[in-house]
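Asks: Please see the structure below; I have some questions.
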Amino acid sequence: MSSSQEILIFTTLADRDLAEEYIAEMLQLGIIVSGTIFPEVALLYQWEGKLTIDSENKILLKAKADKYAAIEEYIMKKHPYLAPEIIKMDVSFGSDKFKAFIKDKIAKGG
């Protein structure tokens with residue numbers, strides 16, 4: 001079974017303006033197809049035995065699988081956190097119509 005040619009990458013940033021800047025730069029570099037910002041999501045986790053709730057911007061990036069290394073490198077270099085969240089999921093972009101739309105966008109450089 002071959003791996004997917006399309007990926008989704010999740011990351012987070014506290015700063016909404018920075019999230020928009022990063023997505024714009026990655027689009028200009030041609031390493032992502034699109035980026036979505038889910039603003040002000042709540043992150044709940046245990047820290048030192050206590051429930052902690054933080055607010056952050058969840059970022060979803062759509063890309064071709066062969067761009068993953070460049071995307072990871074970009075995030076690791078630019079992100080303000082020492083160990084930023086980077087979650088990669090192998091996916092299919094779904095319907096034939098949507099796949100054709102994405103393929104056309106990539107071919108035209110956006």
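Every chain in the structure tokens takes a letter, A first, then B, and so on in the order presented; its residues are numbered from 1, and the ligands are numbered from 1 following the presented order.
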List the neighbours of Ile75 (chain A) out to 12 Å using only C-alpha atoms; skip same-chain residues closer than 2 positions along the sequence, and give me the result as a ChimeraX atom specification.
Replies: /A:9-13,18-19,21-23,25-26,31,59,61,68-73,77-87
Asks: Rank A:Val33, A:Ser55, A:Gly49, A:Leu44 by their smallest atom-to-atom distance to Ala14 (chain A), using only C-alpha atoms, and report the top residue only.
Replies: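 For Ala14 (chain A), the nearest of the given residues is A:Ser55.
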Asks: If you run DSSP on the backbone, which residues of chain A are strand (DSSP E or B), as number ranges by chain?
Replies: A: 6-13, 34-47, 50-64, 87-91
Asks: Which is closest to Lys64 (chain A) among A:Thr52, A:Thr36, A:Ser92, A:Gln28, if we use only C-alpha atoms?
Replies: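 Nearest candidate to Lys64 (chain A) out of A:Thr52, A:Thr36, A:Ser92, A:Gln28: A:Ser92.
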